[in-house]
Each structure stands twice: as structure tokens, then as C-alpha cells.
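The next block is entry-v1.json, given as JSON, C-alpha atoms and all ligand atoms.
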```json
[["chain", "number", "residue", "atom", "x", "y", "z"],
["B", 7, "MET", "CA", 109.71, 99.01, 126.15],
["B", 8, "THR", "CA", 112.98, 99.69, 127.89],
["B", 9, "ALA", "CA", 114.20, 103.29, 128.06],
["B", 10, "LEU", "CA", 117.41, 104.41, 126.43],
["B", 11, "PRO", "CA", 120.23, 104.45, 128.97],
["B", 12, "ASP", "CA", 120.59, 107.84, 130.69],
["B", 13, "ASN", "CA", 124.27, 108.41, 130.19],
["B", 14, "VAL", "CA", 124.84, 106.86, 126.77],
["B", 15, "PRO", "CA", 123.88, 109.09, 123.84],
["B", 16, "ALA", "CA", 121.36, 107.36, 121.59],
["B", 17, "ARG", "CA", 122.79, 106.44, 118.22],
["B", 18, "VAL", "CA", 120.55, 108.33, 115.87],
["B", 19, "LEU", "CA", 120.04, 107.64, 112.15],
["B", 20, "VAL", "CA", 118.29, 110.29, 110.06],
["B", 21, "MET", "CA", 116.76, 108.64, 106.98],
["B", 22, "ILE", "CA", 116.26, 110.95, 103.97],
["B", 23, "PRO", "CA", 114.39, 109.46, 100.97],
["B", 24, "THR", "CA", 115.23, 111.13, 97.69],
["B", 25, "TYR", "CA", 113.85, 111.12, 94.20],
["B", 26, "ASN", "CA", 115.20, 113.88, 91.94],
["B", 27, "GLU", "CA", 116.42, 116.07, 94.79],
["B", 28, "ARG", "CA", 119.67, 117.27, 93.16],
["B", 29, "ASP", "CA", 119.11, 120.85, 94.32],
["B", 30, "ASN", "CA", 118.39, 119.81, 97.90],
["B", 31, "VAL", "CA", 120.51, 116.81, 98.89],
["B", 32, "ASP", "CA", 123.75, 118.61, 99.86],
["B", 33, "TRP", "CA", 121.81, 121.41, 101.59],
["B", 34, "ILE", "CA", 119.64, 119.09, 103.69],
["B", 35, "VAL", "CA", 122.43, 116.67, 104.64],
["B", 36, "SER", "CA", 124.61, 119.62, 105.72],
["B", 37, "ARG", "CA", 121.81, 121.01, 107.85],
["B", 38, "VAL", "CA", 121.29, 117.66, 109.60],
["B", 39, "ARG", "CA", 125.02, 117.29, 110.21],
["B", 40, "ALA", "CA", 125.23, 120.82, 111.65],
["B", 41, "ALA", "CA", 122.12, 120.46, 113.81],
["B", 42, "GLN", "CA", 122.95, 116.97, 115.14],
["B", 43, "PRO", "CA", 126.70, 116.38, 114.79],
["B", 44, "ASP", "CA", 126.55, 112.93, 116.44],
["B", 45, "ALA", "CA", 123.75, 111.65, 114.23],
["B", 46, "HIS", "CA", 124.29, 109.59, 111.11],
["B", 47, "VAL", "CA", 122.46, 110.26, 107.85],
["B", 48, "LEU", "CA", 121.18, 107.68, 105.37],
["B", 49, "VAL", "CA", 120.12, 108.97, 101.96],
["B", 50, "VAL", "CA", 117.77, 106.46, 100.32],
["B", 51, "ASP", "CA", 117.75, 107.14, 96.60],
["B", 52, "ASP", "CA", 115.51, 105.39, 94.08],
["B", 53, "ALA", "CA", 117.91, 105.72, 91.11],
["B", 54, "SER", "CA", 117.00, 109.38, 90.57],
["B", 55, "PRO", "CA", 117.55, 110.26, 86.91],
["B", 56, "ASP", "CA", 118.85, 113.72, 87.90],
["B", 57, "GLY", "CA", 121.98, 112.32, 89.59],
["B", 58, "THR", "CA", 120.93, 112.78, 93.24],
["B", 59, "GLY", "CA", 122.40, 109.37, 94.10],
["B", 60, "GLU", "CA", 125.86, 110.29, 92.77],
["B", 61, "LEU", "CA", 125.79, 113.57, 94.71],
["B", 62, "ALA", "CA", 124.91, 111.62, 97.84],
["B", 63, "ASP", "CA", 127.81, 109.22, 97.15],
["B", 64, "ALA", "CA", 130.18, 112.20, 97.06],
["B", 65, "LEU", "CA", 128.83, 113.40, 100.42],
["B", 66, "ALA", "CA", 129.28, 109.91, 101.89],
["B", 67, "ALA", "CA", 132.85, 109.68, 100.57],
["B", 68, "ALA", "CA", 133.71, 112.91, 102.40],
["B", 69, "ASP", "CA", 131.92, 112.19, 105.71],
["B", 70, "PRO", "CA", 131.83, 108.87, 107.61],
["B", 71, "HIS", "CA", 128.52, 109.90, 109.19],
["B", 72, "VAL", "CA", 126.79, 109.92, 105.78],
["B", 73, "HIS", "CA", 125.59, 106.73, 104.06],
["B", 74, "VAL", "CA", 123.68, 106.00, 100.88],
["B", 75, "LEU", "CA", 121.23, 103.23, 100.05],
["B", 76, "HIS", "CA", 120.75, 102.90, 96.30],
["B", 77, "ARG", "CA", 117.55, 101.26, 95.14],
["B", 78, "ALA", "CA", 116.87, 100.02, 91.64],
["B", 79, "GLY", "CA", 113.97, 102.30, 90.74],
["B", 80, "LYS", "CA", 111.17, 104.50, 91.99],
["B", 81, "GLU", "CA", 108.93, 102.49, 94.31],
["B", 82, "GLY", "CA", 107.51, 105.24, 96.51],
["B", 83, "LEU", "CA", 108.33, 106.73, 99.87],
["B", 84, "GLY", "CA", 107.03, 103.77, 101.87],
["B", 85, "ARG", "CA", 109.27, 101.15, 100.27],
["B", 86, "ALA", "CA", 112.28, 103.47, 100.58],
["B", 87, "TYR", "CA", 111.65, 103.96, 104.30],
["B", 88, "ILE", "CA", 111.07, 100.25, 104.95],
["B", 89, "ALA", "CA", 114.43, 99.51, 103.31],
["B", 90, "ALA", "CA", 116.10, 102.28, 105.32],
["B", 91, "MET", "CA", 114.58, 101.05, 108.59],
["B", 92, "GLY", "CA", 115.78, 97.51, 107.92],
["B", 93, "TRP", "CA", 119.30, 98.81, 107.27],
["B", 94, "GLY", "CA", 119.30, 101.08, 110.33],
["B", 95, "VAL", "CA", 118.05, 98.43, 112.73],
["B", 96, "ALA", "CA", 120.57, 95.92, 111.37],
["B", 97, "GLN", "CA", 123.35, 98.47, 111.93],
["B", 98, "GLY", "CA", 122.34, 98.82, 115.57],
["B", 99, "PHE", "CA", 120.98, 102.38, 115.63],
["B", 100, "ASP", "CA", 118.79, 103.16, 118.64],
["B", 101, "VAL", "CA", 116.64, 105.86, 117.07],
["B", 102, "LEU", "CA", 115.52, 106.16, 113.44],
["B", 103, "VAL", "CA", 114.23, 109.47, 112.11],
["B", 104, "GLU", "CA", 112.16, 110.15, 108.98],
["B", 105, "LEU", "CA", 112.92, 113.48, 107.33],
["B", 106, "ASP", "CA", 112.08, 114.82, 103.83],
["B", 107, "ALA", "CA", 114.86, 116.10, 101.57],
["B", 108, "ASP", "CA", 113.06, 119.27, 100.52],
["B", 109, "GLY", "CA", 113.52, 121.27, 103.73],
["B", 110, "SER", "CA", 109.91, 120.91, 104.87],
["B", 111, "HIS", "CA", 111.15, 119.21, 108.03],
["B", 112, "GLN", "CA", 113.69, 121.52, 109.64],
["B", 113, "PRO", "CA", 116.70, 119.61, 111.01],
["B", 114, "GLU", "CA", 117.11, 122.45, 113.53],
["B", 115, "GLN", "CA", 113.88, 121.23, 115.18],
["B", 116, "LEU", "CA", 114.97, 117.59, 115.42],
["B", 117, "SER", "CA", 116.10, 118.10, 119.02],
["B", 118, "ARG", "CA", 112.42, 118.58, 119.95],
["B", 119, "LEU", "CA", 111.65, 115.04, 118.80],
["B", 120, "LEU", "CA", 114.81, 113.46, 120.19],
["B", 121, "GLU", "CA", 114.38, 115.07, 123.60],
["B", 122, "VAL", "CA", 111.11, 113.22, 124.05],
["B", 123, "LEU", "CA", 112.73, 109.87, 123.28],
["B", 124, "GLU", "CA", 115.61, 110.65, 125.58],
["B", 125, "GLN", "CA", 113.40, 111.80, 128.46],
["B", 126, "SER", "CA", 112.04, 109.04, 130.58],
["B", 127, "PRO", "CA", 109.58, 109.07, 132.16],
["B", 128, "LEU", "CA", 107.57, 111.58, 130.16],
["B", 129, "SER", "CA", 105.62, 114.24, 131.92],
["B", 130, "THR", "CA", 103.14, 116.65, 130.38],
["B", 131, "ARG", "CA", 103.61, 116.41, 126.62],
["B", 132, "SER", "CA", 100.55, 116.24, 124.41],
["B", 133, "GLY", "CA", 99.61, 113.03, 122.63],
["B", 134, "LEU", "CA", 98.94, 109.52, 123.76],
["B", 135, "SER", "CA", 101.67, 109.11, 126.30],
["B", 136, "ASP", "CA", 100.62, 107.62, 129.61],
["B", 137, "LYS", "CA", 102.44, 109.32, 132.41],
["B", 138, "GLY", "CA", 105.54, 107.40, 133.35],
["B", 139, "ARG", "CA", 105.87, 105.56, 130.03],
["B", 140, "ALA", "CA", 108.68, 106.31, 127.65],
["B", 141, "ALA", "CA", 107.73, 107.26, 124.09],
["B", 142, "ASP", "CA", 108.27, 104.74, 121.32],
["B", 143, "LEU", "CA", 107.34, 107.03, 118.44],
["B", 144, "VAL", "CA", 107.47, 110.82, 118.35],
["B", 145, "LEU", "CA", 105.54, 112.69, 115.67],
["B", 146, "GLY", "CA", 106.55, 116.17, 114.51],
["B", 147, "SER", "CA", 103.09, 117.68, 114.36],
["B", 148, "ARG", "CA", 101.76, 120.63, 112.37],
["B", 149, "TRP", "CA", 98.36, 120.51, 113.98],
["B", 150, "VAL", "CA", 99.01, 120.63, 117.75],
["B", 151, "PRO", "CA", 99.30, 123.98, 119.58],
["B", 152, "GLY", "CA", 102.63, 125.56, 118.62],
["B", 153, "GLY", "CA", 102.76, 123.66, 115.32],
["B", 154, "ALA", "CA", 102.60, 125.56, 112.02],
["B", 155, "VAL", "CA", 102.83, 125.39, 108.24],
["B", 156, "GLU", "CA", 104.67, 128.03, 106.22],
["B", 157, "ASN", "CA", 103.84, 128.92, 102.62],
["B", 158, "TRP", "CA", 101.01, 126.50, 102.00],
["B", 159, "PRO", "CA", 98.01, 127.61, 99.96],
["B", 160, "TRP", "CA", 94.61, 127.08, 101.53],
["B", 161, "TYR", "CA", 93.89, 123.91, 99.51],
["B", 162, "ARG", "CA", 97.06, 122.11, 100.74],
["B", 163, "ARG", "CA", 96.07, 122.93, 104.33],
["B", 164, "ALA", "CA", 92.56, 121.71, 103.62],
["B", 165, "ILE", "CA", 93.79, 118.39, 102.13],
["B", 166, "SER", "CA", 96.18, 117.79, 105.02],
["B", 167, "ARG", "CA", 93.83, 118.78, 107.84],
["B", 168, "GLY", "CA", 90.84, 117.07, 106.20],
["B", 169, "GLY", "CA", 92.84, 113.91, 105.51],
["B", 170, "SER", "CA", 94.15, 113.82, 109.09],
["B", 171, "ALA", "CA", 90.67, 114.39, 110.52],
["B", 172, "TYR", "CA", 89.17, 111.64, 108.35],
["B", 173, "ALA", "CA", 91.83, 109.07, 109.22],
["B", 174, "ARG", "CA", 91.74, 110.05, 112.89],
["B", 175, "VAL", "CA", 88.01, 109.50, 113.14],
["B", 176, "VAL", "CA", 87.56, 106.35, 111.05],
["B", 177, "LEU", "CA", 90.64, 104.63, 112.45],
["B", 178, "GLY", "CA", 90.12, 105.83, 116.02],
["B", 179, "LEU", "CA", 93.58, 107.42, 116.27],
["B", 180, "ARG", "CA", 93.92, 110.07, 118.97],
["B", 181, "VAL", "CA", 96.55, 111.98, 117.03],
["B", 182, "GLN", "CA", 96.25, 115.39, 115.33],
["B", 183, "ASP", "CA", 98.79, 115.03, 112.50],
["B", 184, "VAL", "CA", 98.19, 111.58, 111.08],
["B", 185, "THR", "CA", 99.98, 112.01, 107.72],
["B", 186, "GLY", "CA", 103.02, 114.01, 108.83],
["B", 187, "GLY", "CA", 106.38, 112.62, 107.76],
["B", 188, "TYR", "CA", 108.72, 114.05, 110.41],
["B", 189, "ARG", "CA", 108.99, 111.20, 112.90],
["B", 190, "ALA", "CA", 111.42, 109.58, 115.31],
["B", 191, "PHE", "CA", 111.07, 105.86, 116.07],
["B", 192, "ARG", "CA", 112.79, 103.94, 118.79],
["B", 193, "ALA", "CA", 114.47, 100.97, 117.04],
["B", 194, "SER", "CA", 112.80, 98.57, 119.48],
["B", 195, "ALA", "CA", 109.42, 99.94, 118.34],
["B", 196, "LEU", "CA", 110.23, 99.19, 114.71],
["B", 197, "GLU", "CA", 111.42, 95.72, 115.66],
["B", 198, "SER", "CA", 108.05, 95.03, 117.27],
["B", 199, "LEU", "CA", 106.18, 95.84, 114.03],
["B", 200, "ASP", "CA", 105.98, 93.55, 111.01],
["B", 201, "LEU", "CA", 107.59, 95.91, 108.49],
["B", 202, "ASP", "CA", 107.46, 93.35, 105.67],
["B", 203, "ALA", "CA", 103.66, 93.51, 105.85],
["B", 204, "VAL", "CA", 103.60, 97.26, 105.09],
["B", 205, "HIS", "CA", 102.70, 97.81, 101.44],
["B", 206, "SER", "CA", 101.49, 101.42, 101.36],
["B", 207, "HIS", "CA", 103.49, 104.05, 99.52],
["B", 208, "GLY", "CA", 102.74, 107.76, 99.97],
["B", 209, "TYR", "CA", 100.76, 109.49, 102.74],
["B", 210, "ALA", "CA", 99.08, 106.13, 103.34],
["B", 211, "PHE", "CA", 102.43, 104.82, 104.54],
["B", 212, "GLN", "CA", 102.50, 107.35, 107.35],
["B", 213, "VAL", "CA", 98.93, 106.53, 108.41],
["B", 214, "ASP", "CA", 99.69, 102.80, 108.15],
["B", 215, "MET", "CA", 102.79, 102.97, 110.37],
["B", 216, "LEU", "CA", 101.00, 105.11, 112.95],
["B", 217, "ALA", "CA", 97.98, 102.80, 113.09],
["B", 218, "ARG", "CA", 100.24, 99.74, 113.45],
["B", 219, "ALA", "CA", 102.17, 101.45, 116.26],
["B", 220, "VAL", "CA", 98.98, 102.34, 118.14],
["B", 221, "ARG", "CA", 97.49, 98.84, 117.70],
["B", 222, "ALA", "CA", 100.74, 97.33, 118.94],
["B", 223, "GLY", "CA", 100.32, 99.32, 122.16],
["B", 224, "LEU", "CA", 103.31, 101.57, 121.52],
["B", 225, "THR", "CA", 103.42, 105.02, 123.10],
["B", 226, "VAL", "CA", 103.01, 107.84, 120.58],
["B", 227, "VAL", "CA", 103.73, 111.48, 121.40],
["B", 228, "GLU", "CA", 103.21, 114.58, 119.23],
["B", 229, "VAL", "CA", 105.50, 117.61, 119.45],
["B", 230, "PRO", "CA", 104.91, 120.86, 117.53],
["B", 231, "ILE", "CA", 107.00, 121.59, 114.43],
["B", 232, "THR", "CA", 106.92, 124.28, 111.77],
["B", 233, "PHE", "CA", 106.59, 122.65, 108.37],
["B", 234, "VAL", "CA", 108.08, 124.74, 105.54],
["B", 235, "GLU", "CA", 106.87, 124.18, 101.97],
["B", 236, "ARG", "CA", 109.62, 123.15, 99.57],
["B", 237, "GLU", "CA", 111.40, 125.97, 97.74],
["B", 238, "ARG", "CA", 113.49, 123.95, 95.26],
["B", 239, "GLY", "CA", 112.87, 120.88, 93.15],
["B", 240, "ALA", "CA", 109.64, 119.27, 92.03],
["B", 241, "SER", "CA", 106.99, 117.90, 94.38],
["B", 242, "LYS", "CA", 106.17, 114.19, 94.13],
["B", 243, "MET", "CA", 102.76, 114.77, 95.66],
["B", 244, "SER", "CA", 100.07, 113.64, 93.24],
["B", 245, "LEU", "CA", 96.38, 112.92, 93.04],
["B", 246, "GLY", "CA", 97.33, 109.23, 93.04],
["B", 247, "ILE", "CA", 99.07, 109.57, 96.41],
["B", 248, "VAL", "CA", 96.07, 111.35, 97.95],
["B", 249, "ALA", "CA", 93.70, 108.76, 96.42],
["B", 250, "GLU", "CA", 95.83, 105.87, 97.71],
["B", 251, "ALA", "CA", 95.64, 107.31, 101.23],
["B", 252, "MET", "CA", 91.87, 107.84, 101.09],
["B", 253, "LEU", "CA", 91.16, 104.37, 99.69],
["B", 254, "ARG", "CA", 93.49, 102.51, 102.03],
["B", 255, "VAL", "CA", 92.28, 104.40, 105.12],
["B", 256, "THR", "CA", 88.67, 103.65, 104.16],
["B", 257, "TRP", "CA", 89.51, 99.98, 103.61],
["B", 258, "TRP", "CA", 91.38, 99.73, 106.94],
["B", 259, "ALA", "CA", 88.41, 101.34, 108.69],
["B", 260, "PHE", "CA", 86.03, 98.77, 107.15],
["B", 261, "SER", "CA", 88.22, 95.80, 107.97],
["B", 262, "ARG", "CA", 88.63, 97.10, 111.52],
["B", 263, "ARG", "CA", 84.84, 97.21, 111.96],
["B", 264, "LEU", "CA", 84.39, 93.78, 110.35],
["B", 265, "MET", "CA", 87.01, 92.24, 112.61],
["B", 266, "GLY", "CA", 85.62, 94.07, 115.63],
["B", 267, "ARG", "CA", 88.90, 95.88, 116.44],
["U", 301, "LIG", "N1", 113.47, 107.18, 97.56],
["U", 301, "LIG", "C1", 112.31, 107.77, 97.23],
["U", 301, "LIG", "N2", 112.02, 108.99, 97.74],
["U", 301, "LIG", "C2", 110.84, 109.57, 97.39],
["U", 301, "LIG", "C3", 109.90, 108.95, 96.52],
["U", 301, "LIG", "N3", 108.83, 109.78, 96.38],
["U", 301, "LIG", "C4", 109.10, 110.88, 97.13],
["U", 301, "LIG", "N4", 110.32, 110.75, 97.73],
["U", 301, "LIG", "C5", 110.97, 111.69, 98.66],
["U", 301, "LIG", "O1", 110.10, 111.82, 99.76],
["U", 301, "LIG", "C6", 110.14, 113.13, 100.28],
["U", 301, "LIG", "C7", 108.72, 113.71, 100.25],
["U", 301, "LIG", "O2", 108.31, 113.91, 98.90],
["U", 301, "LIG", "P1", 107.71, 115.31, 98.38],
["U", 301, "LIG", "O3", 107.77, 115.38, 96.91],
["U", 301, "LIG", "O4", 108.35, 116.44, 99.10],
["U", 301, "LIG", "O5", 106.23, 115.11, 98.77],
["U", 301, "LIG", "P2", 105.35, 116.01, 99.62],
["U", 301, "LIG", "O6", 106.16, 116.57, 100.75],
["U", 301, "LIG", "O7", 104.13, 115.25, 99.91],
["U", 301, "LIG", "O8", 104.96, 117.15, 98.59],
["U", 301, "LIG", "P3", 105.35, 118.71, 98.60],
["U", 301, "LIG", "O9", 104.82, 119.26, 99.89],
["U", 301, "LIG", "O10", 104.65, 119.25, 97.44],
["U", 301, "LIG", "O11", 106.85, 118.79, 98.53],
["U", 301, "LIG", "C8", 111.14, 113.89, 99.42],
["U", 301, "LIG", "O12", 112.39, 113.85, 100.05],
["U", 301, "LIG", "C9", 111.15, 113.09, 98.13],
["U", 301, "LIG", "O13", 112.35, 113.21, 97.39],
["U", 301, "LIG", "C10", 110.24, 107.66, 95.98],
["U", 301, "LIG", "O14", 109.51, 107.03, 95.23],
["U", 301, "LIG", "N5", 111.44, 107.12, 96.39],
["U", 302, "MG", "MG", 107.68, 117.87, 100.42]]
```

With the file now loaded, output its structure as C-alpha cells.
Amino acid sequence: MTALPDNVPARVLVMIPTYNERDNVDWIVSRVRAAQPDAHVLVVDDASPDGTGELADALAAADPHVHVLHRAGKEGLGRAYIAAMGWGVAQGFDVLVELDADGSHQPEQLSRLLEVLEQSPLSTRSGLSDKGRAADLVLGSRWVPGGAVENWPWYRRAISRGGSAYARVVLGLRVQDVTGGYRAFRASALESLDLDAVHSHGYAFQVDMLARAVRAGLTVVEVPITFVERERGASKMSLGIVAEAMLRVTWWAFSRRLMGR
């Protein structure tokens, strides 16, 4: 992978998937714009019945750095991100960031992720980076030293830590936060993956993308973030999303063994 040029600022696209995030969309887009004034924002809305898409359109009309991708209906986080990545790569962005609309991923901490992509070669960060290799994918991590979660009950911590530990072990991923959704990809890394082959939706999508990146030989680095539980709007987390992740991870682990990888 070639490094981003030293003197040219990376063109950064922050992708924000939304489904019924009326109370959050303006707030989160404003925070991203304030924290990273050069970055562009793409809201990816799945025809939210609460009017989130129209609110995003109003933001885009007032700010040339804000864009909206309208999708026909709710298809899950994974499909929304795949569509956003395709758009962002086609538009020529160098770095594509995943960030939730509910404030769990603080835009004020995005510089931590971007700094790693902009630094080359990397030195002593945690994660999988070989010294001297530039990162292709940076994970905002709750479970490395310095990482934290605010306002989560014990059972959400247990599901997240347990799920990460399970996927880490059975898939052989040397990463602490396997399901986290605060990530920065180099566009060239996304181009090297077959995004059309990704069919997972919820937390499984995050595990799937990480596993594909590692298998493709990309360099993955974790940096600590503080994850803040949503304060407004309804969660889309469900038993189905947790079950999808468990079943898919188990299936991937089996097929990996069968195929000797
Ligand atoms: N476009 C789109 N966005 C989605 C879909 N499902 C969830 N999202 C968005 O994905 C982000 C993460 O969803 P959340 O509901 O916060 O899920 P979560 O973070 O696992 O759950 P909580 O911690 O309880 O908030 C939010 O910005 C959602 O609006 C979907 O089907 N389509
Ligand atoms: Mg959330």
C-alpha cells in the first residue's frame, strides 16, 4: 500500500448511516463539521419514516461538505456502509470513516484515527502494525488500554467483550475490539476488498470487514476511544443482530478450518 502524500491533506469522508435518527442527525453532522472542518460527511439514510432523510437534505443544501445517499428501505447497517463506500471511492476520497449517528463515536476523537493513517511509517501503536508499514485500517477501540465505555450496563459490556473475545479466538484475529463501528479505512484498502461479496448486516458486518482486511494482508491498528451510549433516539440493536453475528462468526470459523486457512 502506498502512503498518503505528506504535504497533501487526505480527503476524508465521514459516513453516517441513519435509520430514524431525527433527534441526532443535525447534532452529529455539526459535531463532525466542527471537529474536522476539511472533511466531508455522507449521511446514508434508509428511507427513515421519521423524516431523518429530509433533515439531512436540508443540511446538505446549506453546506457543500454534506451529502446524502437515500436508499429505498431499511436493509441494515452493512448494506448502507457498502453503498456509502462505493460512493466515496468513486468520488475519489482518500480516507473513509464509519461513524454512528447516535453520538457513541465522538467526532472530537476522530483525529486519533486519522493521525495514524497520516503518519507513515508507524512506530509504537498497539495492534497489528508491523513497524515501518503504513496502516490501511484504523479501529477506534473500546478494549485497548486507554479505551472506555460510558453509560453501559454490565450486560452490554458483557455482550460486547464476550462477542469480541469469541470472534477473536475462533477467527484468529489479533484485535481487541472486533465489533466496534468507529473505523477509518484507506480508500486503497477498500478497493482491494471485494465489497460486493459482503452480505452481513449488523455487528457481523464489522467482524466480516475486519476479517477480510486481515486475510488480505492489510495493516490494522487499534487506537483507544471512549464510546458513549446513545442519549436520544431508539437503539436498533436487537437479539437478531447479536444472533446474526454469533452464527456468521461460527460459520466463518468452521469454513476457515475446513479450507485450512
Ligand atoms: N442506513 C441505515 N442505518 C442504520 C440501520 N440500522 C442501524 N443504523 C444506524 O447505524 C448506527 C448504529 O445503530 P444503533 O441503533 O446505534 O446500534 P447500536 O449502536 O448497536 O445500539 P445502541 O448502542 O443501543 O445504540 C446508527 O447511526 C443507526 O441509525 C439500517 O438498517 N440502515
Ligand atoms: Mg448506537

Counting all atoms listed in the file, select every polymer residue within 10 Å of (120.6, 119.3, 108.0) as defined in the file's coordinates, and provide the selection as a VMD selection string. chain B and resid 20 31 to 43 47 105 107 109 111 to 114 116

Go ahead and compute the interatomic distance for CA of Asp214 (chain B) and CA of Trp160 (chain B), in Å to one decimal. 25.7 Å

With all atoms of ligand LIG 301 (chain U) from the file as input, state the centre and edge lengths in Å to one decimal of the axis-aligned box that has 8 Å extra on each side, as JSON.
```
{"center_x": 108.8, "center_y": 113.1, "center_z": 98.0, "size_x": 25.3, "size_y": 28.2, "size_z": 21.5}
```

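The smallest atom-to-atom distance between ligand MG 302 (chain U) and any of B:Ala240, B:Val229, B:Ile247, B:Val213, using all atoms listed in the file, is found for B:Ala240.
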
What separates CA of Thr232 (chain B) and CA of Leu65 (chain B) is a distance of 27.0 Å

Within 7 Å of ligand MG 302 (chain U), counting only C-alpha atoms and all ligand atoms: which residues, as a VMD selection string? chain B and resid 106 108 110 235 to 236 241

Restricting the calculation to all atoms listed in the file, which member of B:Val122, B:Met243, B:Ala64, B:Leu179 is positioned closest to Gly82 (chain B)? B:Met243

Hey, which residues come within 9 Å of ligand LIG 301 (chain U) if we count only C-alpha atoms and all ligand atoms? Could you give them as a PyMOL selection string? chain B and resi 22-27+30-31+49-54+76-77+79-87+105-110+158+162+187+207-209+234-237+239-244+247

Write out as a PDB file with C-alpha atoms, in the frame of the given file which residues come within 9 Å of Leu123 (chain B) when counting all atoms listed in the file, dropping same-chain ones fewer than 6 positions away.
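Once written, result16.pdb looks like this:
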```
ATOM      1  CA  ALA B   9     114.200 103.290 128.060  1.00  0.00           C
ATOM      2  CA  LEU B  10     117.410 104.410 126.430  1.00  0.00           C
ATOM      3  CA  VAL B 101     116.640 105.860 117.070  1.00  0.00           C
ATOM      4  CA  ALA B 140     108.680 106.310 127.650  1.00  0.00           C
ATOM      5  CA  ALA B 141     107.730 107.260 124.090  1.00  0.00           C
ATOM      6  CA  ASP B 142     108.270 104.740 121.320  1.00  0.00           C
ATOM      7  CA  LEU B 143     107.340 107.030 118.440  1.00  0.00           C
ATOM      8  CA  VAL B 144     107.470 110.820 118.350  1.00  0.00           C
ATOM      9  CA  ALA B 190     111.420 109.580 115.310  1.00  0.00           C
ATOM     10  CA  PHE B 191     111.070 105.860 116.070  1.00  0.00           C
ATOM     11  CA  ARG B 192     112.790 103.940 118.790  1.00  0.00           C
TER      12      ARG B 192
END
```

Kindly indicate which residue among B:Val176, B:Leu120, B:Leu145, B:Leu19 lies nearest to Arg254 (chain B), using all atoms listed in the file for the distances.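 The answer is B:Val176, which sits nearest to Arg254 (chain B).
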
Neighbour list for region 197-205 of chain B as a PyMOL selection string, cut-off 10 Å, only C-alpha atoms, skip fewer than 2 positions in-chain: chain B and resi 7+84-85+87-89+91-92+95+192-195+207+210-211+214-215+218-219+221-222+224

Dump C-alpha atoms for the selected residues as a compact mmCIF listing (two decimals), in the coordinates of the input?
```txt
# COMPACT_ATOMS: atom_id res chain seq x y z
CA MET B 7 109.71 99.01 126.15
CA GLY B 84 107.03 103.77 101.87
CA ARG B 85 109.27 101.15 100.27
CA TYR B 87 111.65 103.96 104.30
CA ILE B 88 111.07 100.25 104.95
CA ALA B 89 114.43 99.51 103.31
CA MET B 91 114.58 101.05 108.59
CA GLY B 92 115.78 97.51 107.92
CA VAL B 95 118.05 98.43 112.73
CA ARG B 192 112.79 103.94 118.79
CA ALA B 193 114.47 100.97 117.04
CA SER B 194 112.80 98.57 119.48
CA ALA B 195 109.42 99.94 118.34
CA HIS B 207 103.49 104.05 99.52
CA ALA B 210 99.08 106.13 103.34
CA PHE B 211 102.43 104.82 104.54
CA ASP B 214 99.69 102.80 108.15
CA MET B 215 102.79 102.97 110.37
CA ARG B 218 100.24 99.74 113.45
CA ALA B 219 102.17 101.45 116.26
CA ARG B 221 97.49 98.84 117.70
CA ALA B 222 100.74 97.33 118.94
CA LEU B 224 103.31 101.57 121.52
```

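Distance annotation: of B:Leu196, B:Asn157, B:Gly169, B:Arg148, the residue with the minimal separation from Ala96 (chain B) is B:Leu196; atom set is all atoms listed in the file.
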
Computed gap from CA of Glu104 (chain B) to CA of Ser170 (chain B) is 18.4 Å

Any idea what's packed within 12 Å of Ser166 (chain B), counting only C-alpha atoms, ignoring anything in its chain fewer than 5 positions away? Could you give it as a compact mmCIF listing (two decimals) with C-alpha atoms, keeping the file's coordinate frame?
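Now in result_7.txt:
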```txt
# COMPACT_ATOMS: atom_id res chain seq x y z
CA SER B 147 103.09 117.68 114.36
CA ARG B 148 101.76 120.63 112.37
CA TRP B 149 98.36 120.51 113.98
CA VAL B 155 102.83 125.39 108.24
CA TRP B 158 101.01 126.50 102.00
CA PRO B 159 98.01 127.61 99.96
CA TRP B 160 94.61 127.08 101.53
CA TYR B 161 93.89 123.91 99.51
CA ALA B 171 90.67 114.39 110.52
CA TYR B 172 89.17 111.64 108.35
CA ALA B 173 91.83 109.07 109.22
CA ARG B 174 91.74 110.05 112.89
CA GLN B 182 96.25 115.39 115.33
CA ASP B 183 98.79 115.03 112.50
CA VAL B 184 98.19 111.58 111.08
CA THR B 185 99.98 112.01 107.72
CA GLY B 186 103.02 114.01 108.83
CA GLY B 187 106.38 112.62 107.76
CA TYR B 209 100.76 109.49 102.74
CA PHE B 233 106.59 122.65 108.37
CA MET B 243 102.76 114.77 95.66
CA VAL B 248 96.07 111.35 97.95
CA ALA B 251 95.64 107.31 101.23
CA MET B 252 91.87 107.84 101.09
```
